[in-house]
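Engineer: Below you will find the structure I want to go over with you.
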Amino acid sequence: MTPRAAFAELLRRHAEVRDLSSATALLAWDQETMMPRKAAAARASQLATLAGLRHERFTDPRLGDWIAACEAASGEFDDEERAGIRELARDWRRATQLPRDLVEEQAAAESAALEAWREARARSDWPAFAPHLERLLDLARRRAAVLGFADRPYDGLLDDYERGATEAGLAQLFDQLVPRLAPMVAIIVEHAGRVDSRCFRQPFDERAQEAFATRVVAAMGFDTDAGRIDRSSHPFCTGIARGDVRLTRRFAADDLRPALFGIVHEAGHGLYEQGLHAAGAAERPGAALLAEACSLGVHESQSRLWENIVARSLPFWQAFAPVAAEYFPAQLAAVGAEECWRAVNEVQRSLIRVEADELTYNLHVAVRFDVERALVAGRLAVADVPAAWNAAMQRLIGLAPGNDGEGCLQDIHWAMGGLGYFPTYTLGNLYAAQLWETAQRELPRLDEAIAQGELVVLRDWLRASVHCHGRRFTASELIERATGAPPSSEPFVRHLRARFGAVYGVTLPG
Ligand code: ZN
């Protein structure tokens with residue numbers, strides 16, 4: 001078989017596996033939005049069948065032969081095709097290296113852990129969840145041992161989410177970041193009275209909230225002919241296929257902010273998913289293989305950039321405070337852009353990560369990073385997690401939870417086997433600030449455009465600098481190409497100092 005013929009086989013199989021993944025994603029979306037409750041058992045069976053089929057089609061040994069034929073004749077392919085072959089080969093090797101019993105044991109352990117976690121969280125009962133985490137940790141270590149890792153087992157876990165990131169690199173990054181956040185928080189909480197968010201804490205009609213949020217998402221350039229927005233209990237974004245990216249929204253009856261920032265966040269993810277296919281990915285075979293997200297950190301950088309950096313900026317509210325007043329005249333007609341802007345930038349020491357503001361958010365992530373790397377390294381016993389968690393909260397945020405339900409049991413990630421996931425949130429925040437600095441430099445009128453409600457100019461810049469590359473580069477290569485510098489926490493610290501200094505009228509240390 002010629003290398004080109006082998007490549008054609010690879011493309012065919014890739015398309016087939018991609019279609020199975022799309023069908024899985026659509027069923028999973030339906031489960032969260034539309035599915036009648038009594039269909040749960042049938043749906044679980046459908047998803048398991050599809051997962052089995054996908055695994056079988058993808059781990060076919062013939063793929064290994066086709067990959068080898070392509071790799072042996074790399075001169076016959078262009079750069080983009082070579083990158084596509086490299087990525088497909090990586091996925092194939094990882095999928096075939098893992099023994100089937102380990103994969104099945106992992107799936108069973110995760111579903112049992114999820115059940116146990118829901119109950120344990122509600123009853124604030126860490127000992128009820130602990131044996132599940134013990135089992136998941138053991139599986140994670142075995143998985144890392146099979147797949148290999150750079151230096152420490154935690155590096156192997158990071159490979160699933162942020163390829164190339166290492167525990168040592170992340171530790172250095174948090175060590176630079178965390179000591180600079182705490183003094184900023186200390187100054188701001190002393191001036192808490194300078195921000196009043198009552199204008200957003202009122203009853204808001206649900207239909208009007210939906211209409212307003214949809215208008216903002218349209219201004220961002222989310223293509224609703226290639227996607228949709230529906231309701232779910234937890235907002236999310238899922239890229240089903242080319243031309244089909246779905247967002248879900250949430251809603252709070254007495255606060256406008258969750259609906260607005262929730263949908264802007266998901267639309268940031270959604271623009272990335274739509275942008276993956278924007279650069280002719282359907283026409284060029286190499287691009288088709290690369291039209292997937294680069295990493296979780298990069299994905300999160302897109303949602304955070306829109307949610308925090310753009311939608312919490314003064315120019316954004318200069319454009320959208322008058323729009324909000326159209327939808328909510330009784331609540332907001334008398335509220336100006338500056339007041340809205342301050343109200344969406346309220347800083348508080350808090351216990352719950354998902355409710356944390358932009359300034360304290362990464363301290364919550366630092367708590368989780370500390371605890372989980374100690375767990376994976378075996379320096380911390382599962383039984384001692386609550387004590388370690390509470391001590392880290394006290395040290396970093398200055399508050400300790402009253403119970404484990406609002407402490408170490410608050411997040412779903414560990415129960416889903418997601419050890420090594422949390423740091424990608426902080427990476428997303430850092431990448432976002434670094435991309436934003438570059439966008440401002442390259443688009444000198446960006447703030448003015450945003451103040452006019454013209455947000456698409458930023459979408460287009462992101463599309464050309466980030467989205468169109470898909471997974472061709474690692475996250476740090478991508479950031480360096482887009483911004484001219486390797487990933488760093490400096491732009492993020494500069495952003496926080498400028499923003500919260502202005503909101504609170506204080507001078508913050510850098
Ligand atoms: Zn997100």
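Residues in the structure tokens are named by chain (A, B, ... in the order shown) and by number from 1 within that chain; ligands are numbered from 1 in the order shown.
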Could you tell me, counting only C-alpha atoms and all ligand atoms, which protein and nucleic acid residues lie no more than 7 Å from ligand 1, written as a short mmCIF file (atom, residue, chain, number, x, y, z; two decimals) with N, CA, C and O atoms, in the first residue's frame?
Structural biologist:
data_model
loop_
_atom_site.label_atom_id
_atom_site.label_comp_id
_atom_site.auth_asym_id
_atom_site.auth_seq_id
_atom_site.Cartn_x
_atom_site.Cartn_y
_atom_site.Cartn_z
N HIS A 265 -19.72 32.97 28.98
CA HIS A 265 -18.66 31.96 29.17
C HIS A 265 -18.82 30.81 28.16
O HIS A 265 -17.89 30.48 27.44
N GLU A 266 -20.02 30.26 28.11
CA GLU A 266 -20.24 29.11 27.21
C GLU A 266 -20.10 29.53 25.75
O GLU A 266 -19.61 28.76 24.92
N HIS A 269 -16.54 29.40 24.73
CA HIS A 269 -16.20 28.03 24.33
C HIS A 269 -16.78 27.74 22.93
O HIS A 269 -16.13 27.11 22.10
N GLU A 300 -10.52 26.90 27.97
CA GLU A 300 -10.98 27.76 29.05
C GLU A 300 -10.51 29.20 28.85
O GLU A 300 -11.18 30.15 29.28
N SER A 303 -13.30 30.98 26.97
CA SER A 303 -14.49 31.33 27.74
C SER A 303 -14.20 32.43 28.75
O SER A 303 -14.97 33.37 28.94
#
Engineer: For range 26-45 of chain A versus range 234-237 of chain A, which residues have an atom no more than 12 Å away, and what is each residue's nearest atom pair and distance in Å rounded to one decimal, using only C-alpha atoms, chain-then-number order, as a tab-separated table?
Structural biologist:
residue	atom	partner	partner_atom	distance
A:Leu26	CA	A:Cys237	CA	11.6
A:Ala28	CA	A:Phe236	CA	11.5
A:Trp29	CA	A:Cys237	CA	9.1
A:Glu32	CA	A:His234	CA	8.5
A:Thr33	CA	A:His234	CA	9.8
Engineer: Which range 120-206 of chain A residues have any atom within 6 Å of an atom of range 252-262 of chain A, and for each, what is the nearest pair of atoms with distance in Å to one decimal, counting only C-alpha atoms, rows sorted by chain and number, as CSV?
Structural biologist:
residue,atom,partner,partner_atom,distance
A:Phe200,CA,A:Asp255,CA,5.5
A:Arg201,CA,A:Asp255,CA,4.5
A:Gln202,CA,A:Asp254,CA,4.8
A:Pro203,CA,A:Asp254,CA,4.1
A:Phe204,CA,A:Ala253,CA,5.7
Engineer: Per residue of range 397-499 of chain A within 12 Å of range 116-137 of chain A, note the shortest atom pair and the distance in Å to one decimal, counting only C-alpha atoms, and order the rows by chain and increasing residue number, as a tab-separated table.
Structural biologist:
residue	atom	partner	partner_atom	distance
A:Pro401	CA	A:Ser124	CA	11.1
A:Gly402	CA	A:Ser124	CA	10.0
A:Asn403	CA	A:Ser124	CA	6.3
A:Asp404	CA	A:Ser124	CA	5.1
A:Gly405	CA	A:Ser124	CA	4.3
A:Glu406	CA	A:Ser124	CA	7.9
A:Gly407	CA	A:Ser124	CA	8.8
A:Cys408	CA	A:Trp126	CA	8.1
A:Leu409	CA	A:Arg121	CA	5.4
A:Gln410	CA	A:Arg121	CA	6.7
A:Asp411	CA	A:Arg121	CA	9.0
A:Ile412	CA	A:Trp117	CA	7.6
A:His413	CA	A:Trp117	CA	10.1
A:Trp414	CA	A:Leu133	CA	7.1
A:Ala415	CA	A:Trp117	CA	6.4
A:Met416	CA	A:Leu136	CA	8.8
A:Gly417	CA	A:Leu136	CA	6.1
A:Gly418	CA	A:Leu136	CA	9.2
A:Leu419	CA	A:Leu137	CA	8.0
A:Gly420	CA	A:Leu137	CA	11.1
Engineer: Could those selected residues go to a file with N, CA and C atoms, as an mmCIF file, in the first residue's frame?
Structural biologist:
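File result03.cif, as written:
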data_model
loop_
_atom_site.group_PDB
_atom_site.id
_atom_site.type_symbol
_atom_site.label_atom_id
_atom_site.label_comp_id
_atom_site.auth_asym_id
_atom_site.auth_seq_id
_atom_site.Cartn_x
_atom_site.Cartn_y
_atom_site.Cartn_z
ATOM 1 N N PRO A 401 -14.144 26.347 55.503
ATOM 2 C CA PRO A 401 -15.534 25.900 55.415
ATOM 3 C C PRO A 401 -16.040 25.335 56.740
ATOM 4 N N GLY A 402 -17.338 25.470 56.966
ATOM 5 C CA GLY A 402 -17.942 24.923 58.174
ATOM 6 C C GLY A 402 -18.192 23.430 58.066
ATOM 7 N N ASN A 403 -18.267 22.918 56.832
ATOM 8 C CA ASN A 403 -18.448 21.475 56.633
ATOM 9 C C ASN A 403 -17.855 21.078 55.278
ATOM 10 N N ASP A 404 -17.721 19.776 55.049
ATOM 11 C CA ASP A 404 -17.035 19.321 53.836
ATOM 12 C C ASP A 404 -17.889 19.500 52.573
ATOM 13 N N GLY A 405 -19.217 19.607 52.763
ATOM 14 C CA GLY A 405 -20.085 19.854 51.604
ATOM 15 C C GLY A 405 -19.742 21.172 50.929
ATOM 16 N N GLU A 406 -19.389 22.171 51.731
ATOM 17 C CA GLU A 406 -18.972 23.445 51.139
ATOM 18 C C GLU A 406 -17.439 23.550 51.136
ATOM 19 N N GLY A 407 -16.784 22.426 51.418
ATOM 20 C CA GLY A 407 -15.314 22.353 51.366
ATOM 21 C C GLY A 407 -14.884 21.364 50.303
ATOM 22 N N CYS A 408 -14.181 20.317 50.747
ATOM 23 C CA CYS A 408 -13.535 19.413 49.793
ATOM 24 C C CYS A 408 -14.498 18.533 49.003
ATOM 25 N N LEU A 409 -15.795 18.578 49.310
ATOM 26 C CA LEU A 409 -16.754 17.797 48.516
ATOM 27 C C LEU A 409 -17.510 18.650 47.501
ATOM 28 N N GLN A 410 -17.155 19.927 47.374
ATOM 29 C CA GLN A 410 -17.995 20.807 46.545
ATOM 30 C C GLN A 410 -17.906 20.535 45.041
ATOM 31 N N ASP A 411 -16.782 20.047 44.543
ATOM 32 C CA ASP A 411 -16.608 19.899 43.091
ATOM 33 C C ASP A 411 -16.841 18.463 42.632
ATOM 34 N N ILE A 412 -17.310 18.332 41.408
ATOM 35 C CA ILE A 412 -17.600 17.013 40.847
ATOM 36 C C ILE A 412 -16.356 16.326 40.255
ATOM 37 N N HIS A 413 -15.285 17.107 40.035
ATOM 38 C CA HIS A 413 -14.174 16.631 39.194
ATOM 39 C C HIS A 413 -13.518 15.324 39.657
ATOM 40 N N TRP A 414 -13.184 15.250 40.945
ATOM 41 C CA TRP A 414 -12.497 14.034 41.408
ATOM 42 C C TRP A 414 -13.406 12.827 41.240
ATOM 43 N N ALA A 415 -14.703 13.004 41.480
ATOM 44 C CA ALA A 415 -15.638 11.888 41.348
ATOM 45 C C ALA A 415 -15.731 11.408 39.904
ATOM 46 N N MET A 416 -15.393 12.286 38.959
ATOM 47 C CA MET A 416 -15.397 11.886 37.551
ATOM 48 C C MET A 416 -14.032 11.366 37.121
ATOM 49 N N GLY A 417 -13.145 11.181 38.087
ATOM 50 C CA GLY A 417 -11.793 10.725 37.747
ATOM 51 C C GLY A 417 -10.896 11.847 37.248
ATOM 52 N N GLY A 418 -11.359 13.087 37.398
ATOM 53 C CA GLY A 418 -10.619 14.230 36.838
ATOM 54 C C GLY A 418 -9.509 14.766 37.726
ATOM 55 N N LEU A 419 -8.586 13.911 38.097
ATOM 56 C CA LEU A 419 -7.416 14.377 38.851
ATOM 57 C C LEU A 419 -6.436 15.025 37.867
ATOM 58 N N GLY A 420 -5.976 16.227 38.194
ATOM 59 C CA GLY A 420 -5.104 16.955 37.267
ATOM 60 C C GLY A 420 -5.855 17.926 36.376
#
Engineer: Applying 7 Å and only C-alpha atoms, which residues near Ala321 in chain A remain after dropping the ones on its own chain fewer than 3 positions away? List them as a list in words.
Structural biologist: Trp317, Gln318, Ala324, Ala325, Gly336, Ala337 and Cys340 of chain A
Engineer: Could those selected residues go to a file with N, CA, C and O atoms, as a compact mmCIF listing (two decimals), in the first residue's frame?
Structural biologist:
# COMPACT_ATOMS: atom_id res chain seq x y z
N TRP A 317 -19.73 47.58 29.15
CA TRP A 317 -20.94 48.12 29.78
C TRP A 317 -21.34 49.45 29.19
O TRP A 317 -22.53 49.81 29.21
N GLN A 318 -20.39 50.17 28.59
CA GLN A 318 -20.78 51.37 27.85
C GLN A 318 -21.68 50.98 26.69
O GLN A 318 -22.64 51.69 26.36
N ALA A 324 -29.26 46.66 28.27
CA ALA A 324 -29.88 46.01 29.44
C ALA A 324 -31.07 46.86 29.92
O ALA A 324 -32.12 46.31 30.30
N ALA A 325 -30.93 48.16 29.87
CA ALA A 325 -32.01 49.05 30.32
C ALA A 325 -33.25 48.92 29.43
O ALA A 325 -34.38 49.09 29.90
N GLY A 336 -26.23 53.54 35.41
CA GLY A 336 -25.30 53.86 34.33
C GLY A 336 -24.27 52.75 34.10
O GLY A 336 -24.20 51.77 34.86
N ALA A 337 -23.46 52.95 33.03
CA ALA A 337 -22.45 51.95 32.66
C ALA A 337 -21.45 51.73 33.79
O ALA A 337 -21.07 50.58 34.08
N CYS A 340 -22.92 49.60 36.61
CA CYS A 340 -23.00 48.18 36.19
C CYS A 340 -21.62 47.55 36.24
O CYS A 340 -21.44 46.43 36.75
Engineer: Can you pull out every residue within 12 Å of Gly75 in chain A, counting only C-alpha atoms, but drop anything in the same chain fewer than 6 positions away, and send it as a ChimeraX atom specification?
Structural biologist: /A:3-4,69,81-82
Engineer: Output all heavy atoms for every residue in that selection, as a PDB file, in the first residue's frame.
Structural biologist:
ATOM      1  N   PRO A   3       1.951   5.173   0.697  1.00  0.00           N
ATOM      2  CA  PRO A   3       1.684   6.050   1.857  1.00  0.00           C
ATOM      3  C   PRO A   3       0.406   6.871   1.669  1.00  0.00           C
ATOM      4  O   PRO A   3      -0.359   7.051   2.620  1.00  0.00           O
ATOM      5  CB  PRO A   3       2.919   6.957   1.897  1.00  0.00           C
ATOM      6  CG  PRO A   3       3.994   6.215   1.193  1.00  0.00           C
ATOM      7  CD  PRO A   3       3.313   5.360   0.160  1.00  0.00           C
ATOM      8  N   ARG A   4       0.153   7.306   0.444  1.00  0.00           N
ATOM      9  CA  ARG A   4      -1.069   8.102   0.198  1.00  0.00           C
ATOM     10  C   ARG A   4      -2.325   7.247   0.391  1.00  0.00           C
ATOM     11  O   ARG A   4      -3.339   7.716   0.898  1.00  0.00           O
ATOM     12  CB  ARG A   4      -1.043   8.679  -1.226  1.00  0.00           C
ATOM     13  CG  ARG A   4      -0.266   9.976  -1.326  1.00  0.00           C
ATOM     14  CD  ARG A   4      -1.123  11.140  -0.840  1.00  0.00           C
ATOM     15  NE  ARG A   4      -0.299  12.239  -0.381  1.00  0.00           N
ATOM     16  CZ  ARG A   4      -0.757  13.254   0.352  1.00  0.00           C
ATOM     17  NH1 ARG A   4      -2.025  13.315   0.718  1.00  0.00           N
ATOM     18  NH2 ARG A   4       0.044  14.200   0.742  1.00  0.00           N
ATOM     19  N   ALA A  69       2.981   3.357   7.981  1.00  0.00           N
ATOM     20  CA  ALA A  69       3.271   3.625   6.565  1.00  0.00           C
ATOM     21  C   ALA A  69       3.384   5.134   6.312  1.00  0.00           C
ATOM     22  O   ALA A  69       4.250   5.591   5.565  1.00  0.00           O
ATOM     23  CB  ALA A  69       2.178   3.019   5.685  1.00  0.00           C
ATOM     24  N   GLU A  81      -0.521  18.029   7.105  1.00  0.00           N
ATOM     25  CA  GLU A  81      -0.849  16.597   7.100  1.00  0.00           C
ATOM     26  C   GLU A  81       0.041  15.845   8.085  1.00  0.00           C
ATOM     27  O   GLU A  81      -0.435  14.963   8.815  1.00  0.00           O
ATOM     28  CB  GLU A  81      -0.677  16.035   5.682  1.00  0.00           C
ATOM     29  CG  GLU A  81      -1.760  16.520   4.728  1.00  0.00           C
ATOM     30  CD  GLU A  81      -1.415  16.249   3.258  1.00  0.00           C
ATOM     31  OE1 GLU A  81      -0.225  16.010   2.941  1.00  0.00           O
ATOM     32  OE2 GLU A  81      -2.336  16.277   2.437  1.00  0.00           O
ATOM     33  N   ARG A  82       1.323  16.209   8.114  1.00  0.00           N
ATOM     34  CA  ARG A  82       2.235  15.545   9.077  1.00  0.00           C
ATOM     35  C   ARG A  82       1.767  15.769  10.511  1.00  0.00           C
ATOM     36  O   ARG A  82       1.783  14.852  11.328  1.00  0.00           O
ATOM     37  CB  ARG A  82       3.665  16.071   8.910  1.00  0.00           C
ATOM     38  CG  ARG A  82       4.493  15.254   7.924  1.00  0.00           C
ATOM     39  CD  ARG A  82       5.978  15.536   8.095  1.00  0.00           C
ATOM     40  NE  ARG A  82       6.298  16.923   7.812  1.00  0.00           N
ATOM     41  CZ  ARG A  82       6.530  17.405   6.601  1.00  0.00           C
ATOM     42  NH1 ARG A  82       6.517  16.600   5.560  1.00  0.00           N
ATOM     43  NH2 ARG A  82       6.813  18.678   6.419  1.00  0.00           N
TER      44      ARG A  82
END
Engineer: Give me, as a list of chain:residue names, all polymer residues having an atom no more than 10 Å from Ala278 in chain A, counting only C-alpha atoms and skipping those fewer than 3 positions away in the same chain.
Structural biologist: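 Here the answer would be A:Arg242, A:Gly243, A:Tyr272, A:Glu273, A:Gln274, A:Gly275, A:Ala281, A:Ala282, A:Ala291, A:Arg463, A:Ala464, A:His467, A:Cys468, A:His469.
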Engineer: Please provide the set of residues having any atom within 6 Å of Ala451 in chain A, restricted to only C-alpha atoms, with same-chain residues fewer than 5 positions apart removed, written as a list of chain:residue names.
Structural biologist: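 The filter keeps A:Pro315, A:Phe316, A:Gln318, A:Ala319.
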